[in-house]
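Peer 1: Here you go, data18.txt (compact mmCIF, C-alpha atoms):
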```
# COMPACT_ATOMS: atom_id res chain seq x y z
CA MET A 24 0.00 0.00 0.00
CA LEU A 25 2.73 2.43 1.02
CA GLU A 26 4.61 1.42 -2.13
CA LEU A 27 1.61 2.51 -4.16
CA ILE A 28 1.21 5.82 -2.31
CA ARG A 29 4.89 6.62 -2.84
CA GLN A 30 4.49 6.39 -6.62
CA PRO A 31 3.39 9.60 -8.42
CA TRP A 32 -0.42 9.70 -8.25
CA PRO A 33 -2.34 9.56 -11.53
CA TRP A 34 -4.30 12.61 -12.66
CA TYR A 35 -7.74 11.10 -12.05
CA VAL A 36 -6.94 10.32 -8.40
CA ALA A 37 -5.46 13.77 -7.77
CA GLY A 38 -8.23 15.54 -9.69
CA ALA A 39 -10.99 13.70 -7.83
CA LEU A 40 -9.42 14.48 -4.44
CA ILE A 41 -8.97 18.15 -5.33
CA GLY A 42 -12.56 18.29 -6.57
CA LEU A 43 -13.75 16.81 -3.27
CA THR A 44 -12.17 19.73 -1.43
CA VAL A 45 -15.09 21.84 -2.72
CA PRO A 46 -17.88 19.93 -0.91
CA ALA A 47 -15.58 19.21 2.06
CA LEU A 48 -15.10 22.91 2.79
CA LEU A 49 -18.72 23.78 2.06
CA LEU A 50 -20.06 21.12 4.40
CA LEU A 51 -17.48 21.57 7.14
CA GLY A 52 -18.64 25.13 7.66
CA ASN A 53 -19.91 27.00 4.60
CA LYS A 54 -16.41 27.82 3.41
CA HIS A 55 -15.62 28.51 -0.22
CA PHE A 56 -12.60 26.94 -1.79
CA GLY A 57 -10.03 29.57 -2.72
CA ILE A 58 -6.40 30.00 -1.84
CA SER A 59 -5.27 33.37 -3.13
CA SER A 60 -7.55 35.13 -0.63
CA SER A 61 -5.09 33.98 2.05
CA LEU A 62 -2.63 36.50 0.60
CA ARG A 63 -5.21 39.24 1.07
CA HIS A 64 -5.85 38.16 4.66
CA ILE A 65 -2.11 38.24 5.36
CA CYS A 66 -2.01 41.84 4.05
CA ALA A 67 -5.06 42.75 6.12
CA ALA A 68 -3.56 41.20 9.23
CA CYS A 69 0.01 42.44 8.88
CA LEU A 70 0.02 45.65 6.88
CA PRO A 71 -3.46 47.09 6.26
CA ALA A 72 -1.94 50.62 6.00
CA ASN A 73 -5.39 52.18 6.04
CA ILE A 74 -6.09 50.84 2.53
CA PRO A 75 -9.87 50.25 2.25
CA PHE A 76 -9.32 46.92 0.45
CA PHE A 77 -7.64 45.57 3.58
CA LYS A 78 -10.05 46.99 6.13
CA TYR A 79 -12.25 44.08 7.01
CA ASN A 80 -12.52 41.59 9.80
CA TRP A 81 -9.79 39.19 8.65
CA ARG A 82 -10.21 37.21 11.86
CA ARG A 83 -13.51 35.98 10.48
CA GLU A 84 -11.63 34.59 7.47
CA MET A 85 -8.91 33.03 9.57
CA TRP A 86 -9.94 29.52 8.52
CA ASN A 87 -8.28 30.29 5.17
CA LEU A 88 -4.94 30.86 6.87
CA PHE A 89 -5.29 27.60 8.78
CA PHE A 90 -6.07 25.90 5.47
CA VAL A 91 -2.95 27.20 3.68
CA GLY A 92 -0.90 26.37 6.79
CA GLY A 93 -2.20 22.84 6.34
CA VAL A 94 -1.18 22.85 2.66
CA LEU A 95 2.36 23.78 3.72
CA LEU A 96 2.39 20.96 6.30
CA GLY A 97 0.99 18.59 3.69
CA GLY A 98 3.94 19.42 1.46
CA LEU A 99 6.26 18.59 4.34
CA VAL A 100 4.53 15.28 5.14
CA ALA A 101 4.41 14.16 1.51
CA THR A 102 8.07 14.97 0.93
CA GLN A 103 9.39 13.55 4.20
CA LEU A 104 7.28 10.41 4.49
CA LEU A 105 5.74 9.59 1.14
CA SER A 106 8.25 10.79 -1.41
CA ASN A 107 8.90 8.94 -4.61
CA PRO A 108 12.44 7.51 -4.66
CA ASP A 109 12.63 7.59 -8.45
CA PRO A 110 13.53 10.70 -10.47
CA ILE A 111 10.65 12.73 -11.89
CA GLN A 112 9.59 11.77 -15.42
CA VAL A 113 9.48 14.80 -17.69
CA SER A 114 8.17 14.52 -21.24
CA ALA A 115 11.02 14.14 -23.73
CA GLN A 116 9.80 17.06 -25.81
CA THR A 117 9.72 19.36 -22.78
CA VAL A 118 13.23 18.26 -21.80
CA LYS A 119 14.41 19.11 -25.31
CA ASP A 120 12.70 22.52 -25.26
CA LEU A 121 14.06 23.36 -21.81
CA GLU A 122 17.58 22.30 -22.75
CA ALA A 123 17.40 24.65 -25.72
CA LEU A 124 16.65 27.39 -23.18
CA ASN A 125 19.64 26.34 -21.04
CA VAL A 126 17.49 24.94 -18.23
CA VAL A 127 19.11 21.85 -16.76
CA VAL A 128 16.45 19.20 -16.23
CA ASP A 129 17.31 17.41 -13.00
CA ASN A 130 15.56 14.74 -10.95
CA GLU A 131 13.77 17.01 -8.50
CA LEU A 132 10.30 18.57 -8.64
CA MET A 133 11.84 21.99 -9.23
CA PRO A 134 14.95 22.66 -11.32
CA ALA A 135 17.85 23.48 -8.99
CA SER A 136 19.41 25.59 -11.74
CA ILE A 137 16.61 28.12 -11.16
CA PHE A 138 15.11 27.57 -7.72
CA SER A 139 18.13 27.84 -5.45
CA PHE A 140 19.35 30.50 -3.07
CA GLU A 141 22.44 31.08 -5.23
CA ASN A 142 20.19 32.75 -7.78
CA LEU A 143 18.45 34.96 -5.26
CA PHE A 144 20.49 38.10 -5.85
CA SER A 145 20.84 37.69 -9.60
CA LEU A 146 18.70 38.77 -12.52
CA LYS A 147 17.38 35.20 -12.70
CA GLY A 148 16.25 35.40 -9.09
CA LEU A 149 14.66 38.77 -9.68
CA VAL A 150 12.62 37.37 -12.58
CA PHE A 151 11.74 33.92 -11.21
CA PHE A 152 11.06 34.82 -7.59
CA VAL A 153 10.35 38.52 -7.31
CA LEU A 154 8.64 39.30 -10.64
CA GLY A 155 6.96 35.89 -10.87
CA GLY A 156 5.63 36.09 -7.34
CA PHE A 157 4.46 39.66 -7.82
CA LEU A 158 2.50 38.72 -10.95
CA VAL A 159 0.90 35.81 -9.11
CA GLY A 160 -0.12 37.98 -6.15
CA PHE A 161 -1.23 41.03 -8.10
CA GLY A 162 -2.83 39.06 -10.93
CA THR A 163 -4.86 36.69 -8.78
CA ARG A 164 -6.27 39.47 -6.64
CA TYR A 165 -7.07 41.65 -9.66
CA ALA A 166 -8.68 38.61 -11.31
CA GLY A 167 -10.61 37.91 -8.10
CA GLY A 168 -9.26 34.41 -7.68
CA CYS A 169 -6.74 31.84 -8.78
CA THR A 170 -6.90 28.31 -10.14
CA SER A 171 -8.77 27.18 -7.02
CA GLY A 172 -11.20 30.08 -6.63
CA HIS A 173 -11.99 30.54 -10.31
CA SER A 174 -11.06 27.38 -12.21
CA ILE A 175 -12.30 24.89 -9.64
CA MET A 176 -14.80 26.64 -7.34
CA GLY A 177 -16.01 29.10 -9.98
CA LEU A 178 -16.47 26.52 -12.73
CA SER A 179 -18.05 24.05 -10.28
CA THR A 180 -20.73 26.65 -9.58
CA LEU A 181 -21.09 27.43 -13.32
CA GLN A 182 -19.94 31.06 -13.23
CA TRP A 183 -19.08 32.41 -16.65
CA PRO A 184 -16.66 35.11 -15.36
CA SER A 185 -14.62 32.25 -13.90
CA LEU A 186 -14.49 30.60 -17.32
CA VAL A 187 -13.22 33.88 -18.80
CA ALA A 188 -10.60 34.09 -16.04
CA THR A 189 -9.53 30.46 -16.52
CA CYS A 190 -9.05 31.01 -20.25
CA CYS A 191 -6.99 34.12 -19.53
CA PHE A 192 -4.82 32.20 -17.01
CA MET A 193 -4.01 29.83 -19.86
CA VAL A 194 -3.45 32.63 -22.39
CA GLY A 195 -0.98 34.29 -19.99
CA GLY A 196 0.86 31.02 -19.42
CA PHE A 197 1.08 30.18 -23.11
CA ALA A 198 2.31 33.70 -23.88
CA MET A 199 5.01 33.46 -21.22
CA VAL A 200 6.26 30.04 -22.29
CA HIS A 201 6.08 30.48 -26.06
CA LEU A 202 6.59 34.20 -26.65
CA ILE A 203 8.49 35.60 -23.68
CA PHE A 204 10.67 32.69 -22.46
CA PRO A 205 12.76 32.38 -25.68
CA TRP A 206 13.69 36.03 -25.32
CA LEU A 207 13.85 36.14 -21.53
CA MET A 208 16.12 33.13 -21.08
CA LYS A 209 18.80 34.74 -23.27
CA LEU A 210 19.33 37.31 -20.53
CA PHE A 211 20.78 34.81 -18.08
CA MET B 19 -11.49 37.79 20.84
CA GLN B 20 -15.05 38.85 21.48
CA ASN B 21 -13.98 42.48 21.97
CA THR B 22 -12.06 42.67 18.74
CA THR B 23 -15.05 41.36 16.79
CA GLU B 24 -17.26 43.98 18.35
CA GLU B 25 -14.75 46.65 17.51
CA PHE B 26 -15.02 45.64 13.85
CA VAL B 27 -18.79 45.69 13.94
CA THR B 28 -19.04 49.09 15.56
CA ASN B 29 -16.47 50.78 13.33
CA PRO B 30 -18.31 51.56 10.08
CA LEU B 31 -15.07 51.92 8.13
CA VAL B 32 -14.18 48.33 8.77
CA LEU B 33 -16.00 45.61 6.86
CA GLU B 34 -17.25 42.78 8.98
CA HIS B 35 -17.08 40.55 5.94
CA PRO B 36 -15.27 41.31 2.68
CA ILE B 37 -17.73 41.36 -0.17
CA GLU B 38 -15.18 40.58 -2.80
CA CYS B 39 -13.53 37.51 -1.51
CA GLU B 40 -13.63 34.38 -3.60
CA ALA B 41 -13.26 32.22 -0.51
CA PRO B 42 -15.69 33.78 1.93
CA ASN B 43 -16.70 32.33 5.23
CA ASP B 44 -20.50 32.16 5.18
CA GLN B 45 -20.88 30.34 8.44
CA LEU B 46 -23.25 32.01 10.87
CA THR B 47 -22.62 29.80 13.86
CA ARG B 48 -19.84 31.15 16.07
CA GLU B 49 -17.24 28.61 17.01
CA GLN B 50 -14.17 28.52 19.14
CA PRO B 51 -11.53 30.02 16.77
CA ILE B 52 -8.63 27.62 17.25
CA VAL B 53 -10.37 24.28 17.74
CA SER B 54 -12.91 24.78 14.96
CA ASN B 55 -10.16 25.72 12.54
CA ILE B 56 -8.22 22.51 13.07
CA LYS B 57 -10.50 20.76 10.58
CA TYR B 58 -9.29 23.15 7.87
CA VAL B 59 -5.70 22.35 8.75
CA VAL B 60 -6.53 18.67 8.21
CA VAL B 61 -8.18 19.35 4.82
CA GLY B 62 -5.17 21.54 3.96
CA ILE B 63 -2.71 18.77 4.84
CA LEU B 64 -4.54 16.25 2.65
CA PHE B 65 -4.71 18.81 -0.14
CA GLY B 66 -0.97 19.57 0.20
CA ILE B 67 -0.15 15.86 0.03
CA VAL B 68 -2.14 15.54 -3.21
CA PHE B 69 -0.28 18.55 -4.65
CA VAL B 70 3.08 16.93 -4.01
CA LYS B 71 2.15 13.34 -4.86
CA ALA B 72 0.52 14.28 -8.17
CA GLU B 73 3.55 16.54 -8.86
CA ILE B 74 1.28 19.54 -9.37
CA ILE B 75 3.83 21.62 -7.49
CA SER B 76 6.47 20.72 -10.07
CA TRP B 77 7.71 23.51 -12.31
CA TYR B 78 8.25 20.88 -15.02
CA ARG B 79 4.59 19.81 -14.98
CA ILE B 80 3.52 23.42 -15.53
CA GLN B 81 6.00 23.72 -18.39
CA GLU B 82 4.61 20.51 -19.94
CA MET B 83 1.10 21.89 -19.61
CA PHE B 84 1.85 25.16 -21.40
CA ARG B 85 3.87 23.32 -24.05
CA LEU B 86 1.02 20.81 -24.58
CA HIS B 87 3.45 17.95 -24.01
CA SER B 88 1.48 16.21 -21.31
CA PHE B 89 -2.14 15.62 -20.47
CA HIS B 90 -1.47 15.34 -16.73
CA MET B 91 -2.38 18.87 -15.55
CA TYR B 92 -5.37 19.09 -17.88
CA GLY B 93 -6.55 15.77 -16.49
CA VAL B 94 -6.13 16.94 -12.90
CA ILE B 95 -7.94 20.27 -13.37
CA GLY B 96 -10.63 18.71 -15.59
CA THR B 97 -11.39 15.90 -13.12
CA ALA B 98 -11.42 18.38 -10.22
CA VAL B 99 -13.93 20.59 -12.03
CA VAL B 100 -16.22 17.65 -12.89
CA VAL B 101 -16.11 16.27 -9.33
CA GLY B 102 -16.65 19.79 -7.93
CA MET B 103 -19.60 20.39 -10.28
CA ILE B 104 -21.29 17.10 -9.38
CA SER B 105 -20.76 17.81 -5.66
CA VAL B 106 -22.25 21.29 -5.90
CA TRP B 107 -25.17 19.93 -7.92
CA LEU B 108 -25.82 17.23 -5.30
CA ILE B 109 -25.62 19.78 -2.46
CA LYS B 110 -28.15 21.99 -4.24
CA LYS B 111 -30.41 19.15 -5.34
CA PHE B 112 -30.66 17.43 -1.96
CA LYS B 113 -30.32 20.67 0.01
CA ILE B 114 -27.50 19.13 2.01
CA ARG B 115 -26.72 21.25 5.05
CA THR B 116 -23.40 22.03 6.66
CA MET B 117 -22.15 20.29 9.78
CA GLN B 118 -23.64 23.16 11.78
CA GLY B 119 -27.02 22.60 10.12
CA GLU B 120 -26.82 25.75 8.01
CA GLU B 121 -27.90 26.12 4.42
CA VAL B 122 -24.94 26.16 2.01
CA VAL B 123 -24.50 29.64 0.55
CA PHE B 124 -23.37 30.22 -3.04
CA HIS B 125 -22.28 33.53 -4.50
CA LYS B 126 -22.69 34.83 -8.01
CA LYS B 127 -19.49 36.25 -9.45
CA ASP B 128 -19.89 39.43 -11.46
CA PHE B 129 -17.70 40.00 -14.46
CA HIS B 130 -15.11 42.79 -14.31
CA TRP B 131 -12.06 43.59 -16.44
CA GLY B 132 -9.77 42.06 -13.83
CA ASN B 133 -11.10 38.67 -14.96
CA ILE B 134 -9.22 39.35 -18.19
CA ILE B 135 -6.32 41.64 -17.31
CA GLY B 136 -5.54 40.30 -13.86
CA ALA B 137 -6.06 36.71 -14.97
CA SER B 138 -3.60 37.13 -17.85
CA MET B 139 -1.04 38.63 -15.46
CA PHE B 140 -1.46 35.66 -13.16
CA GLY B 141 -1.01 33.33 -16.16
CA LEU B 142 2.34 34.98 -16.93
CA GLY B 143 3.41 34.56 -13.31
CA TRP B 144 2.13 30.98 -13.18
CA ALA B 145 4.41 29.98 -16.06
CA ILE B 146 7.43 31.71 -14.48
CA THR B 147 7.07 30.40 -10.94
CA GLY B 148 5.48 27.08 -11.87
CA ALA B 149 2.99 27.67 -9.09
CA CYS B 150 -0.41 29.06 -8.37
CA PRO B 151 -0.89 30.25 -4.80
CA GLY B 152 -1.73 26.77 -3.40
CA PRO B 153 1.36 25.02 -4.74
CA LEU B 154 3.48 27.95 -3.48
CA PHE B 155 2.70 26.89 0.08
CA ALA B 156 3.24 23.20 -0.74
CA GLN B 157 6.58 23.94 -2.45
CA ILE B 158 7.79 25.69 0.70
CA GLY B 159 6.66 22.74 2.81
CA SER B 160 8.49 20.39 0.45
CA GLY B 161 11.73 22.12 1.32
CA PHE B 162 12.13 24.57 -1.57
CA LEU B 163 12.72 27.36 0.89
CA VAL B 164 13.70 29.90 -1.74
CA VAL B 165 10.01 29.94 -2.71
CA LEU B 166 9.46 31.90 0.51
CA VAL B 167 10.80 34.85 -1.47
CA THR B 168 8.20 34.19 -4.17
CA LEU B 169 5.49 34.04 -1.51
CA VAL B 170 6.57 37.34 0.05
CA SER B 171 6.59 38.88 -3.41
CA ALA B 172 3.10 37.50 -4.07
CA ILE B 173 1.88 39.07 -0.82
CA ALA B 174 3.51 42.33 -1.93
CA GLY B 175 1.71 42.02 -5.26
CA THR B 176 -1.63 41.60 -3.50
CA TRP B 177 -0.84 44.61 -1.32
CA VAL B 178 0.05 46.79 -4.31
CA TYR B 179 -3.21 45.73 -5.97
CA GLY B 180 -5.08 46.87 -2.86
CA LEU B 181 -3.24 50.18 -3.02
CA LEU B 182 -3.92 50.82 -6.72
CA ARG B 183 -7.33 49.21 -6.86
CA ASP B 184 -9.37 52.39 -7.45
CA LYS B 185 -7.12 53.44 -10.32
CA LEU B 186 -7.41 50.15 -12.21
CA PRO B 187 -10.17 49.34 -14.72
CA HIS B 188 -12.77 46.96 -13.32
```
As structure tokens, please, write out the structure in this file.

Peer 2:
Amino acid sequence: MLELIRQPWPWYVAGALIGLTVPALLLLGNKHFGISSSLRHICAACLPANIPFFKYNWRREMWNLFFVGGVLLGGLVATQLLSNPDPIQVSAQTVKDLEALNVVVDNELMPASIFSFENLFSLKGLVFFVLGGFLVGFGTRYAGGCTSGHSIMGLSTLQWPSLVATCCFMVGGFAMVHLIFPWLMKLF
Amino acid sequence: MQNTTEEFVTNPLVLEHPIECEAPNDQLTREQPIVSNIKYVVVGILFGIVFVKAEIISWYRIQEMFRLHSFHMYGVIGTAVVVGMISVWLIKKFKIRTMQGEEVVFHKKDFHWGNIIGASMFGLGWAITGACPGPLFAQIGSGFLVVLVTLVSAIAGTWVYGLLRDKLPH
């Protein structure tokens, strides 16, 4: 059994479990699935700075912070106790494309050639951590949700603005990978 | 705890409940804040384990998705949406109540330009970082501590949005 859990989980198992988060949160206490709102609550709790957008009773939304704390712990548990001993399988075509962009494909979940502290104070770090993170935080809040709030919760409740947002998430991602990456990666 | 809640209620400048919040708490029953929230930690842990075990937190999987070299991420999101849809339909159809016996509340989302502009910006960031906000937390838990910088930057991004909000098209 543990052998089986240690293997990478197939998409239909993962998808079903993620989908079940929606009714789990609703029935545990009328909570709506969404993760990016935790970033807003952190702003409201730590640095509201008199900005109206952050003036609300964040304590009422504290469950969301407990939830993301759990996600972090889940990452720890899965990596420490249930991790897959074999190297990650990346599609051969992606490996080829990434090598052309000078990204070394290693055996970890994240390429060490990008996601390491050595790159923190370099242009690469600025782009991958600071700019990337900023776009995620600014973009999700401006969009009113992320993959969980819009793509999963929004589409589950048949909201067309969430479908628009989901399509735009994909458009942004495709544009970055196909149009911007070839140019961007030459800078490093 | 009780006092602080009252302070929020009596101060008209402070919202008791954010209207625009895609993950609102609609529970009416008051519960002990720490104990009642432990159940969300448990759901979060299970969710985080799925993220790691299905390699959703992997930068490579996101690259494969945007390069159309793998079905994995499409399968995950697609299955999640279908399971979510069926669950919501069942809750509505059988009027299933929450653990506290309350009616489940759903919110209509209104379209605004952020659904296009903001969403595209997030898409750009998603491809760079290989993470949406959920996987960010799971990546940190998995030991990629440099992602803490990404998370701080994401919080900064949210803060700057709050600051500029009235100047942006909606």

Peer 1: Would you mind reading off the distance between CA of Asn142 in chain A and CA of Ile158 in chain B, one decimal, in Å?

Peer 2: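 These two atoms are separated by 16.6 Å.
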
Peer 1: Mind pulling up the distance from CA of Phe89 in chain A to CA of Leu143 in chain A?

Peer 2: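 Going from CA of Leu143 in chain A over to CA of Phe89 in chain A covers 28.5 Å.
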
Peer 1: With only C-alpha atoms as the basis for distance, which of B:Met117, B:Ala174, B:Ile95, B:Leu154 is at the shortest distance from Thr47 in chain B?

Peer 2: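 Comparing B:Met117, B:Ala174, B:Ile95, B:Leu154 against Thr47 in chain B, the winner is B:Met117.
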
Peer 1: Have a look at A:Met24, A:Leu207, A:Ile111, A:Met199 and name the one nearest to chain B; count only C-alpha atoms.

Peer 2: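 Result for the nearest residue to chain B: A:Met199.
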
Peer 1: As an exercise, work out the distance from CA of Ala37 in chain A to CA of Asp44 in chain B in Å and give it to one decimal place.

Peer 2: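 The value is 27.1 Å.
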
Peer 1: With the cut-off set at 7 Å and counting all atoms listed in the file, tabulate each residue of range 65-166 of chain A with an atom at most that distance from an atom of range 57-63 of chain B, showing the nearest atom pair and its distance in Å to one decimal, ordered by chain and increasing number, as JSON lines.

Peer 2:
```
{"residue": "A:Trp86", "atom": "CA", "partner": "B:Tyr58", "partner_atom": "CA", "distance": 6.4}
{"residue": "A:Phe89", "atom": "CA", "partner": "B:Val59", "partner_atom": "CA", "distance": 5.3}
{"residue": "A:Phe90", "atom": "CA", "partner": "B:Gly62", "partner_atom": "CA", "distance": 4.7}
{"residue": "A:Val91", "atom": "CA", "partner": "B:Gly62", "partner_atom": "CA", "distance": 6.1}
{"residue": "A:Gly92", "atom": "CA", "partner": "B:Val59", "partner_atom": "CA", "distance": 6.6}
{"residue": "A:Gly93", "atom": "CA", "partner": "B:Gly62", "partner_atom": "CA", "distance": 4.0}
{"residue": "A:Val94", "atom": "CA", "partner": "B:Gly62", "partner_atom": "CA", "distance": 4.4}
{"residue": "A:Leu96", "atom": "CA", "partner": "B:Ile63", "partner_atom": "CA", "distance": 5.7}
{"residue": "A:Gly97", "atom": "CA", "partner": "B:Ile63", "partner_atom": "CA", "distance": 3.9}
```

Peer 1: Please report, as lines of an AutoDock Vina configuration file, the centre and edge lengths in Å to one decimal of an axis-aligned box covering all listed atoms of range 154-162 of chain B with 6 Å per side.

Peer 2:
```
center_x = 7.4
center_y = 24.2
center_z = -0.3
size_x = 21.4
size_y = 19.6
size_z = 18.3
```

Peer 1: For each of A:Ala123, A:Ala47, A:Ala166, A:Val36, take the minimum atom-to-atom distance to His130 in chain B, counting all atoms listed in the file, then give the residue where this is smallest.

Peer 2: A:Ala166

Peer 1: List the neighbours of Trp32 in chain A out to 12 Å using all atoms listed in the file; skip same-chain residues closer than 4 positions along the sequence, and give me the result as a PyMOL selection string.

Peer 2: (chain A and resi 26-28+36-40+101+105-107) or (chain B and resi 67-74+90-91+93-94)

Peer 1: Choose the residue, out of B:Ile173, B:Leu142, B:Ile109, B:Ile75, that has the smallest atom-to-atom separation from Gly159 in chain B; count all atoms listed in the file.

Peer 2: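 Smallest separation from Gly159 in chain B among the options: B:Ile75.
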
Peer 1: Some atoms are absent from range 108-126 of chain B, so rebuild N, CA, C and O atoms and return them as a PDB file, in the coordinates of the input.

Peer 2:
```pdb
ATOM      1  N   LEU B 108     -25.193  18.096  -6.310  1.00  0.00           N
ATOM      2  CA  LEU B 108     -25.820  17.230  -5.300  1.00  0.00           C
ATOM      3  C   LEU B 108     -26.206  18.031  -4.051  1.00  0.00           C
ATOM      4  O   LEU B 108     -27.290  17.816  -3.490  1.00  0.00           O
ATOM      5  N   ILE B 109     -25.328  18.964  -3.648  1.00  0.00           N
ATOM      6  CA  ILE B 109     -25.620  19.780  -2.460  1.00  0.00           C
ATOM      7  C   ILE B 109     -26.883  20.605  -2.707  1.00  0.00           C
ATOM      8  O   ILE B 109     -27.773  20.692  -1.854  1.00  0.00           O
ATOM      9  N   LYS B 110     -26.979  21.167  -3.920  1.00  0.00           N
ATOM     10  CA  LYS B 110     -28.150  21.990  -4.240  1.00  0.00           C
ATOM     11  C   LYS B 110     -29.407  21.133  -4.357  1.00  0.00           C
ATOM     12  O   LYS B 110     -30.453  21.457  -3.811  1.00  0.00           O
ATOM     13  N   LYS B 111     -29.267  20.021  -5.061  1.00  0.00           N
ATOM     14  CA  LYS B 111     -30.410  19.150  -5.340  1.00  0.00           C
ATOM     15  C   LYS B 111     -31.011  18.578  -4.064  1.00  0.00           C
ATOM     16  O   LYS B 111     -32.216  18.588  -3.864  1.00  0.00           O
ATOM     17  N   PHE B 112     -30.153  18.070  -3.190  1.00  0.00           N
ATOM     18  CA  PHE B 112     -30.660  17.430  -1.960  1.00  0.00           C
ATOM     19  C   PHE B 112     -30.627  18.356  -0.760  1.00  0.00           C
ATOM     20  O   PHE B 112     -30.814  17.921   0.363  1.00  0.00           O
ATOM     21  N   LYS B 113     -30.362  19.648  -1.051  1.00  0.00           N
ATOM     22  CA  LYS B 113     -30.320  20.670   0.010  1.00  0.00           C
ATOM     23  C   LYS B 113     -29.531  20.175   1.222  1.00  0.00           C
ATOM     24  O   LYS B 113     -29.995  20.257   2.363  1.00  0.00           O
ATOM     25  N   ILE B 114     -28.349  19.650   0.932  1.00  0.00           N
ATOM     26  CA  ILE B 114     -27.500  19.130   2.010  1.00  0.00           C
ATOM     27  C   ILE B 114     -27.019  20.309   2.854  1.00  0.00           C
ATOM     28  O   ILE B 114     -26.615  21.338   2.313  1.00  0.00           O
ATOM     29  N   ARG B 115     -27.099  20.163   4.143  1.00  0.00           N
ATOM     30  CA  ARG B 115     -26.720  21.250   5.050  1.00  0.00           C
ATOM     31  C   ARG B 115     -25.311  21.057   5.580  1.00  0.00           C
ATOM     32  O   ARG B 115     -24.760  19.961   5.503  1.00  0.00           O
ATOM     33  N   THR B 116     -24.761  22.117   6.115  1.00  0.00           N
ATOM     34  CA  THR B 116     -23.400  22.030   6.660  1.00  0.00           C
ATOM     35  C   THR B 116     -23.447  21.284   7.986  1.00  0.00           C
ATOM     36  O   THR B 116     -24.524  21.035   8.534  1.00  0.00           O
ATOM     37  N   MET B 117     -22.273  20.969   8.491  1.00  0.00           N
ATOM     38  CA  MET B 117     -22.150  20.290   9.780  1.00  0.00           C
ATOM     39  C   MET B 117     -22.889  21.020  10.894  1.00  0.00           C
ATOM     40  O   MET B 117     -23.363  20.406  11.833  1.00  0.00           O
ATOM     41  N   GLN B 118     -22.974  22.347  10.752  1.00  0.00           N
ATOM     42  CA  GLN B 118     -23.640  23.160  11.780  1.00  0.00           C
ATOM     43  C   GLN B 118     -25.150  23.249  11.512  1.00  0.00           C
ATOM     44  O   GLN B 118     -25.857  23.955  12.229  1.00  0.00           O
ATOM     45  N   GLY B 119     -25.601  22.588  10.441  1.00  0.00           N
ATOM     46  CA  GLY B 119     -27.020  22.600  10.120  1.00  0.00           C
ATOM     47  C   GLY B 119     -27.447  23.829   9.333  1.00  0.00           C
ATOM     48  O   GLY B 119     -28.645  24.110   9.209  1.00  0.00           O
ATOM     49  N   GLU B 120     -26.467  24.553   8.770  1.00  0.00           N
ATOM     50  CA  GLU B 120     -26.820  25.750   8.010  1.00  0.00           C
ATOM     51  C   GLU B 120     -27.001  25.404   6.532  1.00  0.00           C
ATOM     52  O   GLU B 120     -26.451  24.424   6.038  1.00  0.00           O
ATOM     53  N   GLU B 121     -27.728  26.271   5.853  1.00  0.00           N
ATOM     54  CA  GLU B 121     -27.900  26.120   4.420  1.00  0.00           C
ATOM     55  C   GLU B 121     -26.594  26.538   3.730  1.00  0.00           C
ATOM     56  O   GLU B 121     -25.972  27.519   4.133  1.00  0.00           O
ATOM     57  N   VAL B 122     -26.182  25.800   2.703  1.00  0.00           N
ATOM     58  CA  VAL B 122     -24.940  26.160   2.010  1.00  0.00           C
ATOM     59  C   VAL B 122     -25.189  27.386   1.134  1.00  0.00           C
ATOM     60  O   VAL B 122     -26.165  27.441   0.388  1.00  0.00           O
ATOM     61  N   VAL B 123     -24.321  28.373   1.259  1.00  0.00           N
ATOM     62  CA  VAL B 123     -24.500  29.640   0.550  1.00  0.00           C
ATOM     63  C   VAL B 123     -23.605  29.646  -0.695  1.00  0.00           C
ATOM     64  O   VAL B 123     -22.436  29.266  -0.628  1.00  0.00           O
ATOM     65  N   PHE B 124     -24.171  30.056  -1.826  1.00  0.00           N
ATOM     66  CA  PHE B 124     -23.370  30.220  -3.040  1.00  0.00           C
ATOM     67  C   PHE B 124     -23.416  31.677  -3.466  1.00  0.00           C
ATOM     68  O   PHE B 124     -24.393  32.367  -3.228  1.00  0.00           O
ATOM     69  N   HIS B 125     -22.337  32.136  -4.085  1.00  0.00           N
ATOM     70  CA  HIS B 125     -22.280  33.530  -4.500  1.00  0.00           C
ATOM     71  C   HIS B 125     -22.154  33.615  -6.007  1.00  0.00           C
ATOM     72  O   HIS B 125     -21.421  32.843  -6.614  1.00  0.00           O
ATOM     73  N   LYS B 126     -22.820  34.594  -6.571  1.00  0.00           N
ATOM     74  CA  LYS B 126     -22.690  34.830  -8.010  1.00  0.00           C
ATOM     75  C   LYS B 126     -21.472  35.728  -8.194  1.00  0.00           C
ATOM     76  O   LYS B 126     -21.297  36.709  -7.474  1.00  0.00           O
TER      77      LYS B 126
END
```
